[in-house]
>>> print(open('input.cif').read())   # mmCIF, C-alpha atoms
data_data
loop_
_atom_site.label_atom_id
_atom_site.label_comp_id
_atom_site.auth_asym_id
_atom_site.auth_seq_id
_atom_site.Cartn_x
_atom_site.Cartn_y
_atom_site.Cartn_z
CA MET A 1 5.52 11.19 21.70
CA GLU A 2 5.53 7.45 22.14
CA GLU A 3 2.33 7.15 20.10
CA VAL A 4 3.79 9.21 17.25
CA LEU A 5 6.93 7.07 17.18
CA PHE A 6 4.90 3.86 17.34
CA PHE A 7 2.65 4.81 14.45
CA ALA A 8 5.53 6.10 12.33
CA ALA A 9 7.48 2.87 12.91
CA ALA A 10 4.38 0.73 12.39
CA ILE A 11 3.64 2.43 9.06
CA GLY A 12 7.29 1.96 8.06
CA ALA A 13 7.24 -1.72 9.00
CA LEU A 14 3.95 -2.40 7.27
CA GLY A 15 4.91 -0.41 4.17
CA GLY A 16 8.21 -2.26 3.98
CA ALA A 17 6.45 -5.61 4.31
CA ILE A 18 3.94 -4.75 1.57
CA GLY A 19 6.82 -3.50 -0.56
CA VAL A 20 8.61 -6.84 -0.20
CA VAL A 21 5.52 -8.68 -1.39
CA ALA A 22 4.45 -6.29 -4.13
CA MET A 23 7.71 -5.24 -5.85
CA ARG A 24 8.33 -6.98 -9.17
CA ASN A 25 12.10 -6.60 -9.00
CA PRO A 26 13.71 -8.69 -6.20
CA PHE A 27 16.30 -5.95 -5.69
CA TYR A 28 13.58 -3.48 -4.67
CA SER A 29 12.12 -6.16 -2.42
CA VAL A 30 15.44 -6.37 -0.57
CA LEU A 31 15.51 -2.57 -0.18
CA ALA A 32 11.93 -2.62 1.15
CA LEU A 33 12.95 -5.29 3.66
CA ILE A 34 15.74 -2.99 4.91
CA VAL A 35 13.14 -0.26 5.57
CA HIS A 36 11.02 -2.86 7.37
CA LEU A 37 13.94 -4.00 9.55
CA PHE A 38 14.88 -0.45 10.58
CA SER A 39 11.27 0.28 11.55
CA LEU A 40 11.21 -2.92 13.59
CA ALA A 41 14.38 -1.79 15.38
CA VAL A 42 12.55 1.41 16.39
CA LEU A 43 9.67 -0.72 17.71
CA PHE A 44 12.14 -2.84 19.70
CA LEU A 45 13.53 0.35 21.23
CA LEU A 46 10.01 1.42 22.18
CA LEU A 47 9.63 -1.93 23.93
CA SER A 48 12.84 -1.07 25.86
CA SER A 49 15.02 -3.77 24.38
CA ALA A 50 18.03 -1.76 23.32
CA PHE A 51 20.37 -4.67 22.68
CA LEU A 52 17.91 -6.42 20.38
CA ALA A 53 17.39 -3.19 18.41
CA ALA A 54 21.14 -2.83 17.94
CA ALA A 55 21.47 -6.49 16.94
CA GLN A 56 18.59 -6.06 14.49
CA VAL A 57 20.31 -3.14 12.77
CA VAL A 58 23.83 -4.63 12.80
CA VAL A 59 23.08 -8.29 12.07
CA TYR A 60 19.96 -8.06 9.93
CA ALA A 61 19.96 -4.72 8.17
CA GLY A 62 23.75 -4.86 7.95
CA ALA A 63 25.12 -8.35 7.37
CA VAL A 64 22.17 -10.42 6.19
CA MET A 65 20.89 -7.78 3.78
CA VAL A 66 24.34 -7.38 2.21
CA LEU A 67 24.25 -11.14 1.56
CA TYR A 68 20.83 -10.75 -0.09
CA VAL A 69 21.97 -7.81 -2.20
CA PHE A 70 24.98 -9.78 -3.47
CA VAL A 71 22.91 -12.86 -4.31
CA VAL A 72 20.21 -10.82 -6.09
CA ALA A 73 22.91 -9.03 -8.06
CA TYR A 74 24.45 -12.43 -8.92
CA VAL A 75 21.33 -14.32 -10.01
CA GLY A 76 19.79 -11.30 -11.72
CA GLY A 77 16.40 -9.67 -11.65
CA ASP A 78 12.96 -10.86 -12.56
CA HIS A 79 12.57 -14.54 -13.35
CA GLU A 80 8.90 -14.86 -12.53
CA SER A 81 6.61 -15.96 -15.31
CA ALA A 82 3.00 -14.92 -15.55
CA TRP A 83 1.95 -18.55 -15.68
CA GLU A 84 -0.20 -19.60 -12.72
CA PRO A 85 -0.33 -23.30 -11.87
CA ILE A 86 -3.36 -22.81 -9.62
CA PRO A 87 -6.07 -20.69 -11.28
CA GLY A 88 -6.89 -17.57 -9.29
CA GLN A 89 -3.84 -17.96 -7.04
CA ARG A 90 -3.25 -14.22 -7.03
CA PHE A 91 -6.75 -13.55 -5.67
CA LEU A 92 -7.07 -16.58 -3.41
CA ALA A 93 -3.77 -16.00 -1.57
CA PRO A 94 -4.60 -12.51 -0.19
CA LEU A 95 -7.99 -13.82 0.94
CA LEU A 96 -6.27 -16.62 2.86
CA GLY A 97 -3.80 -14.11 4.32
CA ILE A 98 -6.60 -11.80 5.47
CA ALA A 99 -8.38 -14.79 6.98
CA LEU A 100 -5.16 -15.63 8.87
CA PHE A 101 -4.92 -12.05 10.17
CA VAL A 102 -8.57 -12.01 11.28
CA GLU A 103 -8.04 -15.29 13.07
CA LEU A 104 -4.91 -14.03 14.85
CA ALA A 105 -6.64 -10.75 15.78
CA ILE A 106 -9.60 -12.63 17.25
CA ALA A 107 -7.18 -14.81 19.22
CA VAL A 108 -5.33 -11.75 20.57
CA LEU A 109 -8.33 -9.57 21.35
CA GLY A 110 -10.30 -12.45 22.81
CA SER A 111 -7.50 -13.70 25.02
CA SER A 112 -7.89 -13.55 28.77
CA LEU A 113 -4.42 -12.07 29.29
CA LEU A 114 -5.38 -8.97 31.26
CA ALA A 115 -1.90 -7.47 30.99
CA LEU A 116 -2.32 -7.22 27.19
CA GLY A 117 -4.25 -3.98 27.55
CA THR A 118 -1.59 -2.31 29.69
CA ASP A 119 1.79 -0.77 28.95
CA GLY A 120 3.49 -3.51 30.91
CA PRO A 121 5.11 -3.13 34.32
CA ASP A 122 7.58 -0.36 35.04
CA VAL A 123 11.09 -1.56 34.32
CA GLY A 124 14.37 -0.03 35.28
CA PRO A 125 16.84 1.57 32.88
CA GLY A 126 18.85 -1.68 32.77
CA PHE A 127 16.00 -3.63 31.14
CA GLY A 128 17.18 -5.25 27.93
CA ASP A 129 20.64 -3.75 27.88
CA PRO A 130 23.62 -5.84 26.70
CA ALA A 131 24.75 -6.65 30.24
CA ALA A 132 21.40 -8.14 31.23
CA ILE A 133 21.00 -10.12 27.99
CA GLY A 134 24.59 -11.36 28.17
CA TYR A 135 24.15 -12.41 31.77
CA LEU A 136 21.02 -14.40 30.87
CA LEU A 137 22.71 -15.97 27.83
CA LEU A 138 25.75 -17.14 29.74
CA GLU A 139 23.92 -18.23 32.89
CA ARG A 140 20.44 -19.57 32.30
CA PHE A 141 20.51 -20.15 28.56
CA LEU A 142 24.06 -21.41 28.15
CA VAL A 143 22.96 -24.61 26.38
CA ALA A 144 20.88 -22.68 23.84
CA PHE A 145 23.79 -20.28 23.33
CA GLU A 146 26.25 -23.10 22.61
CA ALA A 147 23.75 -24.93 20.40
CA SER A 148 23.19 -21.78 18.33
CA SER A 149 26.95 -21.36 17.91
CA ILE A 150 27.20 -24.94 16.58
CA LEU A 151 24.22 -24.22 14.29
CA LEU A 152 25.95 -21.13 12.89
CA LEU A 153 29.13 -23.11 12.22
CA LEU A 154 27.16 -25.87 10.46
CA ALA A 155 25.29 -23.29 8.34
CA ALA A 156 28.54 -21.61 7.29
CA VAL A 157 30.10 -24.95 6.29
CA GLY A 158 26.89 -25.97 4.50
CA ALA A 159 26.74 -22.73 2.53
CA VAL A 160 30.36 -23.10 1.40
CA VAL A 161 29.73 -26.70 0.31
CA LEU A 162 26.49 -25.81 -1.49
CA ALA A 163 27.64 -22.67 -3.25
CA SER A 164 31.07 -23.91 -4.34
CA ARG A 165 29.72 -26.84 -6.32
CA ARG A 166 30.24 -26.38 -10.04
CA ALA A 167 27.70 -27.27 -12.69
CA PRO A 168 28.36 -30.72 -14.19
CA GLY A 169 30.34 -30.33 -17.38
CA GLY A 170 30.79 -26.63 -16.75
CA PRO A 171 34.06 -24.77 -16.21
CA ALA A 172 35.89 -26.02 -13.15
CA MET B 1 1.24 2.23 23.92
CA SER B 2 -0.51 -0.86 25.17
CA ILE B 3 0.99 -4.22 24.31
CA GLU B 4 -2.09 -5.16 22.25
CA TRP B 5 -1.05 -2.75 19.49
CA TYR B 6 2.29 -4.47 19.10
CA ILE B 7 0.72 -7.91 18.98
CA VAL B 8 -1.86 -6.85 16.38
CA LEU B 9 0.89 -5.23 14.28
CA SER B 10 2.90 -8.43 14.59
CA SER B 11 -0.02 -10.56 13.33
CA LEU B 12 -0.55 -8.11 10.46
CA LEU B 13 3.12 -8.44 9.46
CA PHE B 14 2.92 -12.23 9.78
CA ALA B 15 -0.14 -12.34 7.49
CA THR B 16 1.66 -10.11 4.95
CA GLY B 17 4.59 -12.50 4.90
CA ALA B 18 2.25 -15.47 4.47
CA ILE B 19 0.53 -13.76 1.51
CA GLY B 20 3.95 -13.14 -0.03
CA ILE B 21 4.92 -16.80 0.28
CA LEU B 22 1.63 -17.82 -1.33
CA ILE B 23 1.75 -15.50 -4.34
CA ARG B 24 5.45 -15.13 -5.18
CA ARG B 25 7.39 -17.78 -7.07
CA SER B 26 10.96 -16.51 -7.02
CA PRO B 27 12.89 -18.39 -4.28
CA VAL B 28 14.74 -15.20 -3.28
CA VAL B 29 11.49 -13.33 -2.61
CA ILE B 30 10.08 -16.34 -0.76
CA LEU B 31 13.12 -16.24 1.54
CA LEU B 32 12.51 -12.51 2.07
CA CYS B 33 8.89 -13.23 3.01
CA LEU B 34 10.10 -15.90 5.45
CA GLU B 35 12.21 -13.17 7.04
CA LEU B 36 9.06 -11.05 7.39
CA MET B 37 7.28 -13.88 9.22
CA LEU B 38 10.26 -14.58 11.51
CA ASN B 39 10.53 -10.89 12.37
CA ALA B 40 6.83 -10.71 13.13
CA GLY B 41 7.38 -13.59 15.55
CA ASN B 42 10.31 -11.71 17.08
CA LEU B 43 8.18 -8.60 17.58
CA ALA B 44 5.53 -10.69 19.37
CA LEU B 45 8.18 -12.32 21.57
CA ILE B 46 9.65 -8.96 22.58
CA ALA B 47 6.21 -7.44 23.19
CA PHE B 48 5.27 -10.33 25.47
CA SER B 49 8.63 -10.08 27.21
CA ARG B 50 7.85 -6.41 27.92
CA MET B 51 4.36 -7.37 29.07
CA VAL B 52 5.55 -9.78 31.76
CA GLY B 53 8.56 -7.60 32.55
CA ASN B 54 11.39 -10.09 32.24
CA GLN B 55 14.07 -10.41 29.60
CA GLU B 56 13.82 -14.09 28.76
CA GLY B 57 11.66 -13.39 25.71
CA GLN B 58 14.43 -11.15 24.39
CA VAL B 59 16.95 -14.00 24.65
CA PHE B 60 14.44 -16.16 22.77
CA ALA B 61 14.20 -13.49 20.04
CA LEU B 62 17.99 -13.35 19.84
CA ILE B 63 18.14 -17.12 19.25
CA VAL B 64 15.42 -16.75 16.60
CA MET B 65 17.65 -14.17 14.89
CA VAL B 66 20.54 -16.67 14.88
CA VAL B 67 18.33 -19.39 13.40
CA ALA B 68 17.06 -16.92 10.76
CA ALA B 69 20.63 -16.04 9.81
CA CYS B 70 21.46 -19.75 9.38
CA GLU B 71 18.34 -20.26 7.28
CA VAL B 72 19.28 -17.30 5.06
CA VAL B 73 22.83 -18.58 4.56
CA VAL B 74 21.74 -22.08 3.58
CA GLY B 75 18.83 -20.81 1.45
CA LEU B 76 21.00 -18.37 -0.48
CA GLY B 77 23.63 -21.10 -0.94
CA LEU B 78 20.94 -23.31 -2.45
CA ILE B 79 19.79 -20.48 -4.74
CA VAL B 80 23.34 -19.89 -5.95
CA ALA B 81 23.75 -23.64 -6.55
CA ILE B 82 20.46 -23.75 -8.51
CA PHE B 83 21.56 -20.75 -10.57
CA ARG B 84 24.95 -22.32 -11.35
CA ARG B 85 23.29 -25.48 -12.65
CA LYS B 86 21.30 -23.25 -15.01
CA LEU B 87 17.99 -24.48 -13.59
CA PRO B 88 15.02 -22.09 -13.60
CA LEU B 89 14.72 -19.94 -10.46
CA ASP B 90 11.01 -20.62 -10.05
CA VAL B 91 9.59 -22.80 -7.29
CA ASP B 92 6.90 -24.20 -9.60
CA GLU B 93 9.41 -25.46 -12.13
CA LEU B 94 11.84 -27.01 -9.63
CA THR B 95 9.92 -30.27 -9.37
CA GLU B 96 12.67 -32.87 -9.57
CA LEU B 97 12.14 -34.05 -5.98
CA ARG B 98 8.36 -34.30 -6.34
CA GLY B 99 7.12 -37.82 -5.63
#
>>> encode(input="input.cif", output="C-alpha cells")
Amino acid sequence: MEEVLFFAAAIGALGGAIGVVAMRNPFYSVLALIVHLFSLAVLFLLLSSAFLAAAQVVVYAGAVMVLYVFVVAYVGGDHESAWEPIPGQRFLAPLLGIALFVELAIAVLGSSLLALGTDGPDVGPGFGDPAAIGYLLLERFLVAFEASSILLLLAAVGAVVLASRRAPGGPA
Amino acid sequence: MSIEWYIVLSSLLFATGAIGILIRRSPVVILLCLELMLNAGNLALIAFSRMVGNQEGQVFALIVMVVAACEVVVGLGLIVAIFRRKLPLDVDELTELRG
C-alpha cells in the first residue's frame, strides 16, 4: 500500500514538475505546480509529517498559488520570444540538468549513511504533529521563528512598495 | 519505502527545476521553477528528518516554506512593477543593470 501511494505521488510530483517546465502558457505552468504541490503533500504524509503536509496544502497550494494565478492573469500569457541568446540553449540546458541529477544520484547512492537504505526508525503517532512542531518552534527554535516573522513582515511591506509604484508619466 | 527513494526523487525534482530555470525566459515561470527547487530541498529535509527520527528537519522545512513565501511575494511584486513600466517580461531583455 505504501509503495503504491509513493509511486502514485512520485509520478504526480514529477509530472507536475515537467509540466511547469514544458507548458508554453504560464497559466498552465501554475496549474501543473499545484498538482506537484499536492503530490508532495502526500509524500510528506508518507514520511509521517502531518503538520508539514497540511501547511503545504494550505500555505502553498492555497495562498501562494492564488497569488501566482492573479499575477499571471494580470500580466497576461505568453511573452517568450523564440530568440535564443545562447545558440543551442534548449539542448544544452537539459544535458546540464541531467548531469546535475547524475551527480546528485551518485552522491546519494555512494554515501556512507547506512540508514539511507532503511525505512527509518519506528516513530510514535505523535511524530510531526502540530503539537510537536509547535513545541520545537517555541522552545528550541524561537530565534528562527521570530526572525522568520520579521522576514514575512519585511516582504509584505516590500511587495506593497514595489507593486504600488506607478509608471513615470502614467496615470496616477 | 526506504529513504533512498525519497532522496533520489528529490534530486530528480531539483534537476527538473534547474532545467526550467536554464531554458525558460519568462520571469514568472522562472519563479515557479525556483519553487520546484525549494520544494525538492524540503522533501530531502523531511526525508532526512524521518531517517534520523527527530523533528528538527521538519522545523527547518517549515522555515524554508516561510522564506519561499517571502521570495514569491517580492518576486511577484517586482514582476508587477516591471509590467506597469511597460518593460518586456523577458529576462534576456531586462539588461539595464548589466555592468
>>> resolve_selection(input="input.cif", expression="the PyMOL selection byres ((chain B) within 7 of (chain A))", output="compact mmCIF listing (two decimals) with C-alpha atoms, in the frame of the given file")
# COMPACT_ATOMS: atom_id res chain seq x y z
CA MET B 1 1.24 2.23 23.92
CA SER B 2 -0.51 -0.86 25.17
CA ILE B 3 0.99 -4.22 24.31
CA GLU B 4 -2.09 -5.16 22.25
CA VAL B 8 -1.86 -6.85 16.38
CA SER B 11 -0.02 -10.56 13.33
CA LEU B 12 -0.55 -8.11 10.46
CA LEU B 13 3.12 -8.44 9.46
CA ALA B 15 -0.14 -12.34 7.49
CA THR B 16 1.66 -10.11 4.95
CA ALA B 18 2.25 -15.47 4.47
CA ILE B 19 0.53 -13.76 1.51
CA GLY B 20 3.95 -13.14 -0.03
CA LEU B 22 1.63 -17.82 -1.33
CA ILE B 23 1.75 -15.50 -4.34
CA ARG B 25 7.39 -17.78 -7.07
CA SER B 26 10.96 -16.51 -7.02
CA VAL B 29 11.49 -13.33 -2.61
CA LEU B 36 9.06 -11.05 7.39
CA ALA B 47 6.21 -7.44 23.19
CA ARG B 50 7.85 -6.41 27.92
CA MET B 51 4.36 -7.37 29.07
CA VAL B 52 5.55 -9.78 31.76
CA GLY B 53 8.56 -7.60 32.55
CA GLN B 55 14.07 -10.41 29.60
CA VAL B 59 16.95 -14.00 24.65
CA LEU B 62 17.99 -13.35 19.84
CA ILE B 63 18.14 -17.12 19.25
CA VAL B 66 20.54 -16.67 14.88
CA ALA B 69 20.63 -16.04 9.81
CA CYS B 70 21.46 -19.75 9.38
CA VAL B 73 22.83 -18.58 4.56
CA VAL B 74 21.74 -22.08 3.58
CA LEU B 76 21.00 -18.37 -0.48
CA GLY B 77 23.63 -21.10 -0.94
CA LEU B 78 20.94 -23.31 -2.45
CA VAL B 80 23.34 -19.89 -5.95
CA ALA B 81 23.75 -23.64 -6.55
CA PHE B 83 21.56 -20.75 -10.57
CA ARG B 84 24.95 -22.32 -11.35
CA ARG B 85 23.29 -25.48 -12.65
CA LEU B 89 14.72 -19.94 -10.46
CA ASP B 90 11.01 -20.62 -10.05
>>> atom_distance(input="input.cif", atom1="CA of Leu43 (chain B)", atom2="CA of Ser10 (chain B)")
6.1 Å
>>> atom_distance(input="input.cif", atom1="CA of Ala54 (chain A)", atom2="CA of Pro125 (chain A)")
16.2 Å
>>> atom_distance(input="input.cif", atom1="CA of Ala40 (chain B)", atom2="CA of Phe14 (chain B)")
5.4 Å
>>> closest_residue(input="input.cif", among="A:Ala9, A:Leu45, A:Met1, A:Val69", to="Gln58 (chain B)", atoms="only C-alpha atoms")
A:Leu45
>>> axis_aligned_box(input="input.cif", around="region 95-106 of chain A", padding_each_side="3 Å", output="JSON")
{"center_x": -6.7, "center_y": -13.7, "center_z": 9.1, "size_x": 11.8, "size_y": 11.9, "size_z": 22.3}
>>> residues_around(input="input.cif", residues="Leu34 (chain B)", least_positions_apart="3", cutoff="9 Å", atoms="all atoms listed in the file", output="list in words")
Gly17, Ala18, Gly20, Ile21, Val29, Ile30, Leu31, Met37, Leu38, Asn39 and Ala68 of chain B
>>> closest_residue(input="input.cif", among="A:Ala61, A:Ala53, A:Leu31, A:Leu138", to="Ala61 (chain B)", atoms="only C-alpha atoms")
A:Ala53
>>> decode(input="input.cif", residues="region 6-40 of chain B", atoms="N, CA and C atoms", output="PDB file, in the first residue's frame")
ATOM      1  N   TYR B   6      13.130   8.543  -1.608  1.00  0.00           N
ATOM      2  CA  TYR B   6      12.711   9.937  -1.448  1.00  0.00           C
ATOM      3  C   TYR B   6      13.832  10.890  -1.854  1.00  0.00           C
ATOM      4  N   ILE B   7      15.060  10.523  -1.468  1.00  0.00           N
ATOM      5  CA  ILE B   7      16.180  11.422  -1.768  1.00  0.00           C
ATOM      6  C   ILE B   7      16.434  11.461  -3.277  1.00  0.00           C
ATOM      7  N   VAL B   8      16.336  10.289  -3.936  1.00  0.00           N
ATOM      8  CA  VAL B   8      16.545  10.272  -5.393  1.00  0.00           C
ATOM      9  C   VAL B   8      15.440  11.059  -6.091  1.00  0.00           C
ATOM     10  N   LEU B   9      14.191  10.898  -5.621  1.00  0.00           N
ATOM     11  CA  LEU B   9      13.087  11.684  -6.203  1.00  0.00           C
ATOM     12  C   LEU B   9      13.340  13.172  -6.007  1.00  0.00           C
ATOM     13  N   SER B  10      13.848  13.521  -4.816  1.00  0.00           N
ATOM     14  CA  SER B  10      14.108  14.928  -4.540  1.00  0.00           C
ATOM     15  C   SER B  10      15.186  15.472  -5.469  1.00  0.00           C
ATOM     16  N   SER B  11      16.247  14.681  -5.747  1.00  0.00           N
ATOM     17  CA  SER B  11      17.270  15.204  -6.667  1.00  0.00           C
ATOM     18  C   SER B  11      16.736  15.294  -8.086  1.00  0.00           C
ATOM     19  N   LEU B  12      15.838  14.361  -8.452  1.00  0.00           N
ATOM     20  CA  LEU B  12      15.226  14.429  -9.783  1.00  0.00           C
ATOM     21  C   LEU B  12      14.397  15.709  -9.925  1.00  0.00           C
ATOM     22  N   LEU B  13      13.620  16.036  -8.881  1.00  0.00           N
ATOM     23  CA  LEU B  13      12.802  17.249  -8.929  1.00  0.00           C
ATOM     24  C   LEU B  13      13.690  18.490  -8.965  1.00  0.00           C
ATOM     25  N   PHE B  14      14.789  18.450  -8.198  1.00  0.00           N
ATOM     26  CA  PHE B  14      15.708  19.595  -8.182  1.00  0.00           C
ATOM     27  C   PHE B  14      16.309  19.818  -9.570  1.00  0.00           C
ATOM     28  N   ALA B  15      16.708  18.709 -10.244  1.00  0.00           N
ATOM     29  CA  ALA B  15      17.293  18.838 -11.579  1.00  0.00           C
ATOM     30  C   ALA B  15      16.256  19.373 -12.561  1.00  0.00           C
ATOM     31  N   THR B  16      14.985  18.935 -12.411  1.00  0.00           N
ATOM     32  CA  THR B  16      13.931  19.449 -13.299  1.00  0.00           C
ATOM     33  C   THR B  16      13.783  20.958 -13.140  1.00  0.00           C
ATOM     34  N   GLY B  17      13.784  21.415 -11.873  1.00  0.00           N
ATOM     35  CA  GLY B  17      13.680  22.847 -11.644  1.00  0.00           C
ATOM     36  C   GLY B  17      14.857  23.602 -12.235  1.00  0.00           C
ATOM     37  N   ALA B  18      16.061  23.017 -12.122  1.00  0.00           N
ATOM     38  CA  ALA B  18      17.248  23.683 -12.661  1.00  0.00           C
ATOM     39  C   ALA B  18      17.164  23.791 -14.179  1.00  0.00           C
ATOM     40  N   ILE B  19      16.671  22.710 -14.834  1.00  0.00           N
ATOM     41  CA  ILE B  19      16.498  22.751 -16.292  1.00  0.00           C
ATOM     42  C   ILE B  19      15.518  23.869 -16.661  1.00  0.00           C
ATOM     43  N   GLY B  20      14.427  23.963 -15.886  1.00  0.00           N
ATOM     44  CA  GLY B  20      13.436  25.001 -16.169  1.00  0.00           C
ATOM     45  C   GLY B  20      14.036  26.387 -16.088  1.00  0.00           C
ATOM     46  N   ILE B  21      14.858  26.631 -15.050  1.00  0.00           N
ATOM     47  CA  ILE B  21      15.468  27.953 -14.910  1.00  0.00           C
ATOM     48  C   ILE B  21      16.399  28.227 -16.070  1.00  0.00           C
ATOM     49  N   LEU B  22      17.071  27.169 -16.581  1.00  0.00           N
ATOM     50  CA  LEU B  22      18.015  27.396 -17.676  1.00  0.00           C
ATOM     51  C   LEU B  22      17.313  27.644 -18.994  1.00  0.00           C
ATOM     52  N   ILE B  23      16.153  27.016 -19.254  1.00  0.00           N
ATOM     53  CA  ILE B  23      15.594  27.155 -20.596  1.00  0.00           C
ATOM     54  C   ILE B  23      14.465  28.166 -20.678  1.00  0.00           C
ATOM     55  N   ARG B  24      13.805  28.516 -19.575  1.00  0.00           N
ATOM     56  CA  ARG B  24      12.686  29.442 -19.692  1.00  0.00           C
ATOM     57  C   ARG B  24      13.179  30.871 -19.553  1.00  0.00           C
ATOM     58  N   ARG B  25      12.431  31.818 -20.144  1.00  0.00           N
ATOM     59  CA  ARG B  25      12.853  33.209 -20.064  1.00  0.00           C
ATOM     60  C   ARG B  25      11.802  34.126 -19.469  1.00  0.00           C
ATOM     61  N   SER B  26      10.610  33.602 -19.220  1.00  0.00           N
ATOM     62  CA  SER B  26       9.597  34.429 -18.561  1.00  0.00           C
ATOM     63  C   SER B  26       9.873  34.458 -17.057  1.00  0.00           C
ATOM     64  N   PRO B  27       9.952  35.643 -16.435  1.00  0.00           N
ATOM     65  CA  PRO B  27      10.277  35.694 -15.003  1.00  0.00           C
ATOM     66  C   PRO B  27       9.277  34.942 -14.144  1.00  0.00           C
ATOM     67  N   VAL B  28       8.002  34.895 -14.543  1.00  0.00           N
ATOM     68  CA  VAL B  28       7.008  34.168 -13.744  1.00  0.00           C
ATOM     69  C   VAL B  28       7.353  32.682 -13.708  1.00  0.00           C
ATOM     70  N   VAL B  29       7.694  32.122 -14.883  1.00  0.00           N
ATOM     71  CA  VAL B  29       7.979  30.687 -14.932  1.00  0.00           C
ATOM     72  C   VAL B  29       9.289  30.393 -14.206  1.00  0.00           C
ATOM     73  N   ILE B  30      10.236  31.344 -14.246  1.00  0.00           N
ATOM     74  CA  ILE B  30      11.487  31.126 -13.517  1.00  0.00           C
ATOM     75  C   ILE B  30      11.215  31.083 -12.014  1.00  0.00           C
ATOM     76  N   LEU B  31      10.308  31.941 -11.536  1.00  0.00           N
ATOM     77  CA  LEU B  31       9.921  31.881 -10.120  1.00  0.00           C
ATOM     78  C   LEU B  31       9.279  30.531  -9.792  1.00  0.00           C
ATOM     79  N   LEU B  32       8.425  30.033 -10.711  1.00  0.00           N
ATOM     80  CA  LEU B  32       7.793  28.730 -10.483  1.00  0.00           C
ATOM     81  C   LEU B  32       8.852  27.632 -10.391  1.00  0.00           C
ATOM     82  N   CYS B  33       9.876  27.712 -11.255  1.00  0.00           N
ATOM     83  CA  CYS B  33      10.917  26.681 -11.219  1.00  0.00           C
ATOM     84  C   CYS B  33      11.739  26.792  -9.941  1.00  0.00           C
ATOM     85  N   LEU B  34      11.919  28.039  -9.432  1.00  0.00           N
ATOM     86  CA  LEU B  34      12.577  28.197  -8.131  1.00  0.00           C
ATOM     87  C   LEU B  34      11.777  27.491  -7.042  1.00  0.00           C
ATOM     88  N   GLU B  35      10.439  27.597  -7.137  1.00  0.00           N
ATOM     89  CA  GLU B  35       9.589  26.890  -6.171  1.00  0.00           C
ATOM     90  C   GLU B  35       9.848  25.389  -6.235  1.00  0.00           C
ATOM     91  N   LEU B  36       9.979  24.865  -7.479  1.00  0.00           N
ATOM     92  CA  LEU B  36      10.253  23.429  -7.625  1.00  0.00           C
ATOM     93  C   LEU B  36      11.528  23.055  -6.886  1.00  0.00           C
ATOM     94  N   MET B  37      12.583  23.885  -7.052  1.00  0.00           N
ATOM     95  CA  MET B  37      13.860  23.539  -6.422  1.00  0.00           C
ATOM     96  C   MET B  37      13.755  23.633  -4.898  1.00  0.00           C
ATOM     97  N   LEU B  38      13.062  24.675  -4.397  1.00  0.00           N
ATOM     98  CA  LEU B  38      12.908  24.803  -2.943  1.00  0.00           C
ATOM     99  C   LEU B  38      12.124  23.630  -2.372  1.00  0.00           C
ATOM    100  N   ASN B  39      11.093  23.191  -3.111  1.00  0.00           N
ATOM    101  CA  ASN B  39      10.291  22.073  -2.614  1.00  0.00           C
ATOM    102  C   ASN B  39      11.061  20.767  -2.657  1.00  0.00           C
ATOM    103  N   ALA B  40      11.942  20.621  -3.655  1.00  0.00           N
ATOM    104  CA  ALA B  40      12.794  19.434  -3.671  1.00  0.00           C
ATOM    105  C   ALA B  40      13.694  19.434  -2.444  1.00  0.00           C
TER     106      ALA B  40
END
